[in-house]
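The block underneath contains the structure these notes are about, expressed in structure tokens.
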Amino acid sequence: MAAAATLSRLVRLRLYSISRNNGLLFNRVQRRGIAACIDPSVGLSDEQREFQKVAFDFAANEMAPHMAHWDQNEIFPVETMRKAAQLGFGGTCVHPDVGGSGLSRLDASVVFEALSTGCASTTAYMSIHNMCAWMIDTFGNNEQRGKYCPDLCSMEKFASYCLTEPGSGSDAASLLTSAKLQGDLYVLNGSKAFISGGGDTDVYVVMCRTGGKGPKGISCLVVEKGTPGLSFGKKEKKVGWNSQPTRAVIFEDCKVPVANRLGIEGQGFNIAMKGLNGGRINIASCSVGAAQACIQLTRDHMHVRKQFGEPLSNSQFLQFKLAEMATRLVASRLMVRQAALALQEDRPDAVPLCSMAKLFATDECFTICNQALQMHGGYGYLKDYAVQQFVRDIRVHQILEGNVWLCVMDRSIWQKMRPLQNQKFL
């Protein structure tokens, strides 16, 4: 079945690629003469290159032309995302038997990186949606998987991840939203903050406290929009990520069936952290895609913009700056893909590598985008130029799904380093 699904997916991707061939961003990259050293297809298999080419194509034709409009008018591009789901991008790592694409973590990273060149904000939401679908597919029973995953993979329904609270951000284990068991129902009370898609999405994967203090008292419930007692705060006004709504999610005596619990009681924190391992890779991949786009835009700008009677591209100083940006980009991409492989293979170093990749790539790629804006001069500060939107959209990647400063403090990193203290190096 998996082999048949892969074949079907490739046929679908090839047909889309042929039908939109004239607009391929992948081909445009080649025409622009971007140095082979930052070619994002290097090291990928033929199948991965197919996914990547189609994702670049979709980003160039369906996302990039509308990116500024979505941002300025705060539009949640539902229909565009459903088109992406038809290509298998709504449930990248979900098993094919419930409508997913069955891709590896590395495959998914490649896809989200490519899509992000068209709109980092929209792609970031898609990565969160994919994380929710993966959590239900991985930790749900067959009934739950069959009920939720097909609609999520087709993006007929959209999902939100509800962990952060007003008083517990990076300290997720201290969350206070309670779920009291009453017969065959849980009664939820509390609120979640900064929820991507909140109010516009259909399915909420909620971490709540069913037991005592600490991580072992947390469980995971799926709450559907329209459930009595579920409401939403005002739509937040944000610096970036404006193509996705952000609201508080509020529970007031919200009754949820016990049948909607993923896994067993007390497993919620473990589910949340496993979801975030993949989420950190995906959000880092979105940063890499934005940085790739900014380098390409800057290189083009340097060829046409003249100062002191010659193109900026003739400036050795700016050439050095562009080379530094390319170095940061390649290093970020390599680190993210290494972490994706480690997570896919369930290696002992997977968790610290995910944190390291998120820390490094989101920091370095923001530096790239910010430098790109600087090299555009005053034009870079105008909303007519895409670099400023990439800067605004990926700034938050250093905060969400594990603040980068907290990633440095990730215990798993220090635990993995501890055995090295007694090891002798030649």
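Please note that chains go A, B, ... in the order of the structure tokens, that every chain numbers its residues from 1, and that ligands are numbered from 1 in the order shown.
For Cys37 in chain A, the set of protein, DNA and RNA residues having any atom at most 10 Å away, when counting only C-alpha atoms and skipping those fewer than 5 positions along the same chain, is Val42, Ala326, Thr327 and Val330 of chain A.
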Could you dump the residues just selected with all heavy atoms as a PDB file, in the first residue's frame?
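Output contents, as saved in part_10.pdb:
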```
ATOM      1  N   VAL A  42      21.061  19.987  -3.789  1.00  0.00           N
ATOM      2  CA  VAL A  42      22.294  19.203  -3.653  1.00  0.00           C
ATOM      3  C   VAL A  42      22.144  18.163  -2.545  1.00  0.00           C
ATOM      4  O   VAL A  42      21.689  18.461  -1.438  1.00  0.00           O
ATOM      5  CB  VAL A  42      23.496  20.122  -3.351  1.00  0.00           C
ATOM      6  CG1 VAL A  42      24.719  19.299  -2.963  1.00  0.00           C
ATOM      7  CG2 VAL A  42      23.807  20.991  -4.554  1.00  0.00           C
ATOM      8  N   ALA A 326      25.691  33.456   2.208  1.00  0.00           N
ATOM      9  CA  ALA A 326      25.590  32.125   1.601  1.00  0.00           C
ATOM     10  C   ALA A 326      26.155  31.067   2.527  1.00  0.00           C
ATOM     11  O   ALA A 326      25.614  29.950   2.633  1.00  0.00           O
ATOM     12  CB  ALA A 326      26.327  32.109   0.264  1.00  0.00           C
ATOM     13  N   THR A 327      27.243  31.393   3.224  1.00  0.00           N
ATOM     14  CA  THR A 327      27.846  30.442   4.170  1.00  0.00           C
ATOM     15  C   THR A 327      26.892  30.139   5.312  1.00  0.00           C
ATOM     16  O   THR A 327      26.723  28.971   5.705  1.00  0.00           O
ATOM     17  CB  THR A 327      29.165  31.022   4.724  1.00  0.00           C
ATOM     18  OG1 THR A 327      30.058  31.292   3.637  1.00  0.00           O
ATOM     19  CG2 THR A 327      29.825  30.040   5.682  1.00  0.00           C
ATOM     20  N   VAL A 330      24.028  27.801   3.948  1.00  0.00           N
ATOM     21  CA  VAL A 330      24.395  26.403   3.741  1.00  0.00           C
ATOM     22  C   VAL A 330      24.600  25.701   5.077  1.00  0.00           C
ATOM     23  O   VAL A 330      24.165  24.554   5.268  1.00  0.00           O
ATOM     24  CB  VAL A 330      25.662  26.298   2.860  1.00  0.00           C
ATOM     25  CG1 VAL A 330      26.147  24.855   2.780  1.00  0.00           C
ATOM     26  CG2 VAL A 330      25.365  26.826   1.456  1.00  0.00           C
TER      27      VAL A 330
END
```
Using only C-alpha atoms, which residues sit within 12 Å of Asp151 in chain A once same-chain residues fewer than 4 positions away are excluded, as a PDB file with N, CA, C and O atoms, in the first residue's frame?
```pdb
ATOM      1  N   ARG A  82      -5.442  24.533   0.536  1.00  0.00           N
ATOM      2  CA  ARG A  82      -6.116  23.315   0.083  1.00  0.00           C
ATOM      3  C   ARG A  82      -5.546  22.839  -1.250  1.00  0.00           C
ATOM      4  O   ARG A  82      -5.479  21.635  -1.509  1.00  0.00           O
ATOM      5  N   ALA A  85      -2.540  21.026  -0.317  1.00  0.00           N
ATOM      6  CA  ALA A  85      -2.889  19.713   0.235  1.00  0.00           C
ATOM      7  C   ALA A  85      -3.157  18.696  -0.870  1.00  0.00           C
ATOM      8  O   ALA A  85      -2.904  17.496  -0.698  1.00  0.00           O
ATOM      9  N   GLN A  86      -3.656  19.150  -2.018  1.00  0.00           N
ATOM     10  CA  GLN A  86      -3.878  18.240  -3.138  1.00  0.00           C
ATOM     11  C   GLN A  86      -2.572  17.655  -3.648  1.00  0.00           C
ATOM     12  O   GLN A  86      -2.558  16.595  -4.285  1.00  0.00           O
ATOM     13  N   GLY A  90      -0.514  18.582   2.999  1.00  0.00           N
ATOM     14  CA  GLY A  90      -1.348  18.797   4.181  1.00  0.00           C
ATOM     15  C   GLY A  90      -1.104  17.795   5.280  1.00  0.00           C
ATOM     16  O   GLY A  90      -1.476  18.019   6.434  1.00  0.00           O
ATOM     17  N   GLY A  91      -0.474  16.668   4.928  1.00  0.00           N
ATOM     18  CA  GLY A  91      -0.155  15.636   5.917  1.00  0.00           C
ATOM     19  C   GLY A  91       1.126  14.937   5.516  1.00  0.00           C
ATOM     20  O   GLY A  91       1.141  13.729   5.262  1.00  0.00           O
ATOM     21  N   VAL A  98      -4.511   6.894   6.077  1.00  0.00           N
ATOM     22  CA  VAL A  98      -5.503   7.884   6.504  1.00  0.00           C
ATOM     23  C   VAL A  98      -5.356   9.189   5.712  1.00  0.00           C
ATOM     24  O   VAL A  98      -5.748  10.258   6.170  1.00  0.00           O
ATOM     25  N   GLY A  99      -4.776   9.074   4.520  1.00  0.00           N
ATOM     26  CA  GLY A  99      -4.726  10.215   3.621  1.00  0.00           C
ATOM     27  C   GLY A  99      -3.436  10.987   3.599  1.00  0.00           C
ATOM     28  O   GLY A  99      -3.315  11.975   2.864  1.00  0.00           O
ATOM     29  N   GLY A 100      -2.443  10.558   4.388  1.00  0.00           N
ATOM     30  CA  GLY A 100      -1.179  11.268   4.426  1.00  0.00           C
ATOM     31  C   GLY A 100      -0.256  10.903   3.290  1.00  0.00           C
ATOM     32  O   GLY A 100      -0.529   9.991   2.506  1.00  0.00           O
ATOM     33  N   HIS A 129       0.044  22.953  11.325  1.00  0.00           N
ATOM     34  CA  HIS A 129      -1.070  22.075  10.970  1.00  0.00           C
ATOM     35  C   HIS A 129      -0.571  20.634  10.754  1.00  0.00           C
ATOM     36  O   HIS A 129      -1.181  19.672  11.244  1.00  0.00           O
ATOM     37  N   ASN A 130       0.534  20.503  10.033  1.00  0.00           N
ATOM     38  CA  ASN A 130       1.114  19.181   9.788  1.00  0.00           C
ATOM     39  C   ASN A 130       1.541  18.513  11.090  1.00  0.00           C
ATOM     40  O   ASN A 130       1.396  17.301  11.258  1.00  0.00           O
ATOM     41  N   ALA A 133      -1.559  17.090  12.756  1.00  0.00           N
ATOM     42  CA  ALA A 133      -2.013  15.882  12.058  1.00  0.00           C
ATOM     43  C   ALA A 133      -1.114  14.698  12.397  1.00  0.00           C
ATOM     44  O   ALA A 133      -1.593  13.577  12.609  1.00  0.00           O
ATOM     45  N   GLN A 144      -9.703   7.469  16.128  1.00  0.00           N
ATOM     46  CA  GLN A 144      -9.321   8.880  16.095  1.00  0.00           C
ATOM     47  C   GLN A 144      -8.597   9.227  14.802  1.00  0.00           C
ATOM     48  O   GLN A 144      -8.857  10.274  14.195  1.00  0.00           O
ATOM     49  N   ARG A 145      -7.714   8.344  14.378  1.00  0.00           N
ATOM     50  CA  ARG A 145      -6.982   8.580  13.134  1.00  0.00           C
ATOM     51  C   ARG A 145      -7.950   8.661  11.958  1.00  0.00           C
ATOM     52  O   ARG A 145      -7.850   9.543  11.097  1.00  0.00           O
ATOM     53  N   GLY A 146      -8.890   7.746  11.918  1.00  0.00           N
ATOM     54  CA  GLY A 146      -9.856   7.725  10.823  1.00  0.00           C
ATOM     55  C   GLY A 146     -10.810   8.907  10.844  1.00  0.00           C
ATOM     56  O   GLY A 146     -11.271   9.367   9.790  1.00  0.00           O
ATOM     57  N   LYS A 147     -11.088   9.414  12.039  1.00  0.00           N
ATOM     58  CA  LYS A 147     -12.028  10.521  12.176  1.00  0.00           C
ATOM     59  C   LYS A 147     -11.411  11.849  11.771  1.00  0.00           C
ATOM     60  O   LYS A 147     -12.055  12.665  11.082  1.00  0.00           O
ATOM     61  N   MET A 155      -6.856  19.192   4.130  1.00  0.00           N
ATOM     62  CA  MET A 155      -7.070  20.561   4.600  1.00  0.00           C
ATOM     63  C   MET A 155      -8.511  21.030   4.381  1.00  0.00           C
ATOM     64  O   MET A 155      -8.774  22.232   4.270  1.00  0.00           O
ATOM     65  N   GLU A 156      -9.415  20.075   4.344  1.00  0.00           N
ATOM     66  CA  GLU A 156     -10.819  20.449   4.441  1.00  0.00           C
ATOM     67  C   GLU A 156     -11.079  21.016   5.828  1.00  0.00           C
ATOM     68  O   GLU A 156     -11.954  21.858   6.024  1.00  0.00           O
ATOM     69  N   LYS A 157     -10.301  20.520   6.789  1.00  0.00           N
ATOM     70  CA  LYS A 157     -10.314  21.077   8.136  1.00  0.00           C
ATOM     71  C   LYS A 157      -8.891  21.453   8.513  1.00  0.00           C
ATOM     72  O   LYS A 157      -7.935  20.850   8.039  1.00  0.00           O
ATOM     73  N   PHE A 158      -8.780  22.462   9.381  1.00  0.00           N
ATOM     74  CA  PHE A 158      -7.480  22.962   9.798  1.00  0.00           C
ATOM     75  C   PHE A 158      -7.299  22.762  11.297  1.00  0.00           C
ATOM     76  O   PHE A 158      -8.277  22.733  12.051  1.00  0.00           O
ATOM     77  N   ALA A 159      -6.036  22.640  11.706  1.00  0.00           N
ATOM     78  CA  ALA A 159      -5.741  22.322  13.100  1.00  0.00           C
ATOM     79  C   ALA A 159      -4.875  23.388  13.747  1.00  0.00           C
ATOM     80  O   ALA A 159      -4.102  24.091  13.071  1.00  0.00           O
ATOM     81  N   ASP A 202     -10.443  24.322  12.860  1.00  0.00           N
ATOM     82  CA  ASP A 202     -11.544  23.418  13.212  1.00  0.00           C
ATOM     83  C   ASP A 202     -11.209  22.444  14.333  1.00  0.00           C
ATOM     84  O   ASP A 202     -12.103  21.958  15.023  1.00  0.00           O
ATOM     85  N   VAL A 203      -9.923  22.127  14.488  1.00  0.00           N
ATOM     86  CA  VAL A 203      -9.498  21.101  15.439  1.00  0.00           C
ATOM     87  C   VAL A 203      -8.380  21.677  16.302  1.00  0.00           C
ATOM     88  O   VAL A 203      -7.408  22.236  15.777  1.00  0.00           O
TER      89      VAL A 203
END
```
Handout entry: Contact residues around Thr138 in chain A with only C-alpha atoms at 10 Å, ignoring same-chain residues under 2 positions, as a PyMOL selection string
Key = chain A and resi 93-95+132-136+140-142+145+262-263+271+275
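Summary of the local environment: counting only C-alpha atoms, residues at most 8 Å from Asn189 in chain A, other than itself and those fewer than 6 positions away along its chain, are A:Thr177, A:Ser178, A:Ala179, A:Ile250, A:Phe251, A:Glu252, A:Asp253, A:Cys254.
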Take the residues from that selection and put them in a file with all heavy atoms, as a PDB file, in the first residue's frame.
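As written to disk, selection.pdb reads:
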```
ATOM      1  N   THR A 177      -4.264  25.047  32.540  1.00  0.00           N
ATOM      2  CA  THR A 177      -5.575  24.653  31.985  1.00  0.00           C
ATOM      3  C   THR A 177      -5.941  23.275  32.513  1.00  0.00           C
ATOM      4  O   THR A 177      -5.206  22.307  32.324  1.00  0.00           O
ATOM      5  CB  THR A 177      -5.539  24.639  30.455  1.00  0.00           C
ATOM      6  OG1 THR A 177      -5.285  25.961  29.982  1.00  0.00           O
ATOM      7  CG2 THR A 177      -6.856  24.144  29.879  1.00  0.00           C
ATOM      8  N   SER A 178      -7.070  23.192  33.170  1.00  0.00           N
ATOM      9  CA  SER A 178      -7.456  21.948  33.852  1.00  0.00           C
ATOM     10  C   SER A 178      -8.509  21.181  33.069  1.00  0.00           C
ATOM     11  O   SER A 178      -9.298  21.766  32.321  1.00  0.00           O
ATOM     12  CB  SER A 178      -7.993  22.250  35.257  1.00  0.00           C
ATOM     13  OG  SER A 178      -9.202  23.009  35.175  1.00  0.00           O
ATOM     14  N   ALA A 179      -8.493  19.865  33.242  1.00  0.00           N
ATOM     15  CA  ALA A 179      -9.501  18.989  32.637  1.00  0.00           C
ATOM     16  C   ALA A 179      -9.943  18.003  33.713  1.00  0.00           C
ATOM     17  O   ALA A 179      -9.226  17.053  34.043  1.00  0.00           O
ATOM     18  CB  ALA A 179      -8.930  18.264  31.427  1.00  0.00           C
ATOM     19  N   ILE A 250     -10.036  29.938  24.649  1.00  0.00           N
ATOM     20  CA  ILE A 250     -10.557  29.995  26.015  1.00  0.00           C
ATOM     21  C   ILE A 250     -11.524  28.834  26.270  1.00  0.00           C
ATOM     22  O   ILE A 250     -12.389  28.530  25.439  1.00  0.00           O
ATOM     23  CB  ILE A 250     -11.289  31.342  26.243  1.00  0.00           C
ATOM     24  CG1 ILE A 250     -10.324  32.508  25.955  1.00  0.00           C
ATOM     25  CG2 ILE A 250     -11.838  31.434  27.660  1.00  0.00           C
ATOM     26  CD1 ILE A 250     -11.020  33.842  25.760  1.00  0.00           C
ATOM     27  N   PHE A 251     -11.365  28.192  27.430  1.00  0.00           N
ATOM     28  CA  PHE A 251     -12.223  27.074  27.821  1.00  0.00           C
ATOM     29  C   PHE A 251     -12.956  27.442  29.112  1.00  0.00           C
ATOM     30  O   PHE A 251     -12.333  27.757  30.119  1.00  0.00           O
ATOM     31  CB  PHE A 251     -11.397  25.807  28.052  1.00  0.00           C
ATOM     32  CG  PHE A 251     -10.516  25.434  26.892  1.00  0.00           C
ATOM     33  CD1 PHE A 251      -9.171  25.795  26.870  1.00  0.00           C
ATOM     34  CD2 PHE A 251     -11.020  24.727  25.816  1.00  0.00           C
ATOM     35  CE1 PHE A 251      -8.355  25.463  25.810  1.00  0.00           C
ATOM     36  CE2 PHE A 251     -10.212  24.389  24.741  1.00  0.00           C
ATOM     37  CZ  PHE A 251      -8.873  24.764  24.738  1.00  0.00           C
ATOM     38  N   GLU A 252     -14.284  27.430  29.039  1.00  0.00           N
ATOM     39  CA  GLU A 252     -15.114  27.714  30.205  1.00  0.00           C
ATOM     40  C   GLU A 252     -16.137  26.597  30.361  1.00  0.00           C
ATOM     41  O   GLU A 252     -17.135  26.548  29.659  1.00  0.00           O
ATOM     42  CB  GLU A 252     -15.816  29.064  30.033  1.00  0.00           C
ATOM     43  CG  GLU A 252     -14.856  30.248  29.953  1.00  0.00           C
ATOM     44  CD  GLU A 252     -15.566  31.564  29.654  1.00  0.00           C
ATOM     45  OE1 GLU A 252     -16.182  31.669  28.575  1.00  0.00           O
ATOM     46  OE2 GLU A 252     -15.505  32.463  30.503  1.00  0.00           O
ATOM     47  N   ASP A 253     -15.822  25.689  31.273  1.00  0.00           N
ATOM     48  CA  ASP A 253     -16.662  24.488  31.448  1.00  0.00           C
ATOM     49  C   ASP A 253     -16.918  23.809  30.101  1.00  0.00           C
ATOM     50  O   ASP A 253     -18.041  23.437  29.760  1.00  0.00           O
ATOM     51  CB  ASP A 253     -17.990  24.843  32.123  1.00  0.00           C
ATOM     52  CG  ASP A 253     -17.805  25.249  33.582  1.00  0.00           C
ATOM     53  OD1 ASP A 253     -16.838  24.754  34.215  1.00  0.00           O
ATOM     54  OD2 ASP A 253     -18.602  26.058  34.078  1.00  0.00           O
ATOM     55  N   CYS A 254     -15.853  23.663  29.346  1.00  0.00           N
ATOM     56  CA  CYS A 254     -15.924  23.067  28.008  1.00  0.00           C
ATOM     57  C   CYS A 254     -15.866  21.541  28.144  1.00  0.00           C
ATOM     58  O   CYS A 254     -14.873  20.982  28.625  1.00  0.00           O
ATOM     59  CB  CYS A 254     -14.762  23.575  27.163  1.00  0.00           C
ATOM     60  SG  CYS A 254     -14.724  22.930  25.480  1.00  0.00           S
TER      61      CYS A 254
END
```
Problem - Two-atom distance - CA of Arg333 in chain A, CA of Thr367 in chain A (Å) - result: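 So the answer is 14.3 Å.
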Practice task
Any chance you could list, as JSON, numbers by chain, the residues in range 268-377 of chain A that come up strand (DSSP E) when DSSP is run on the backbone?
Solution key: {"A": [306, 307, 310, 311]}
Handout entry: Counting only C-alpha atoms, the option among A:Gly278, A:Gly309, A:Gly167, A:Gly199 closest to Asp346 in chain A
Key =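 Between A:Gly278, A:Gly309, A:Gly167, A:Gly199, the residue approaching Asp346 in chain A most closely is A:Gly278.
Across the model, the gap from CA of Phe89 in chain A to CA of Ile38 in chain A is 24.0 Å.
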Problem - Interatomic distance (Å, one decimal) between CA of Gly169 in chain A and CA of Ile195 in chain A - result: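 CA of Gly169 in chain A sits 11.6 Å away from CA of Ile195 in chain A.
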Handout entry: Counting only C-alpha atoms, the residue of A:Leu152, A:Pro77, A:Glu113, A:Glu62 that sits nearest Ala361 in chain A
Key =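 Looking at the shortest contact to Ala361 in chain A, the residue is A:Glu113.
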Which range 311-384 of chain A residues have any atom within 10 Å of an atom of range 392-396 of chain A, and for each, what is the nearest pair of atoms with distance in Å to one decimal, counting only C-alpha atoms, rows sorted by chain and number, as a tab-separated table?
```
residue	atom	partner	partner_atom	distance
A:Thr362	CA	A:Ile394	CA	7.7
A:Asp363	CA	A:Arg395	CA	8.7
A:Cys365	CA	A:Ile394	CA	8.3
A:Phe366	CA	A:Arg395	CA	6.4
A:Thr367	CA	A:Arg395	CA	9.6
A:Cys369	CA	A:Ile394	CA	8.6
A:Asn370	CA	A:Arg392	CA	9.2
```
Practice task
Would you mind telling me which residue in A:Gly197, A:Pro352, A:Gly240, A:Gly377 lies nearest to Val391 in chain A when using only C-alpha atoms?
Solution key: A:Gly240
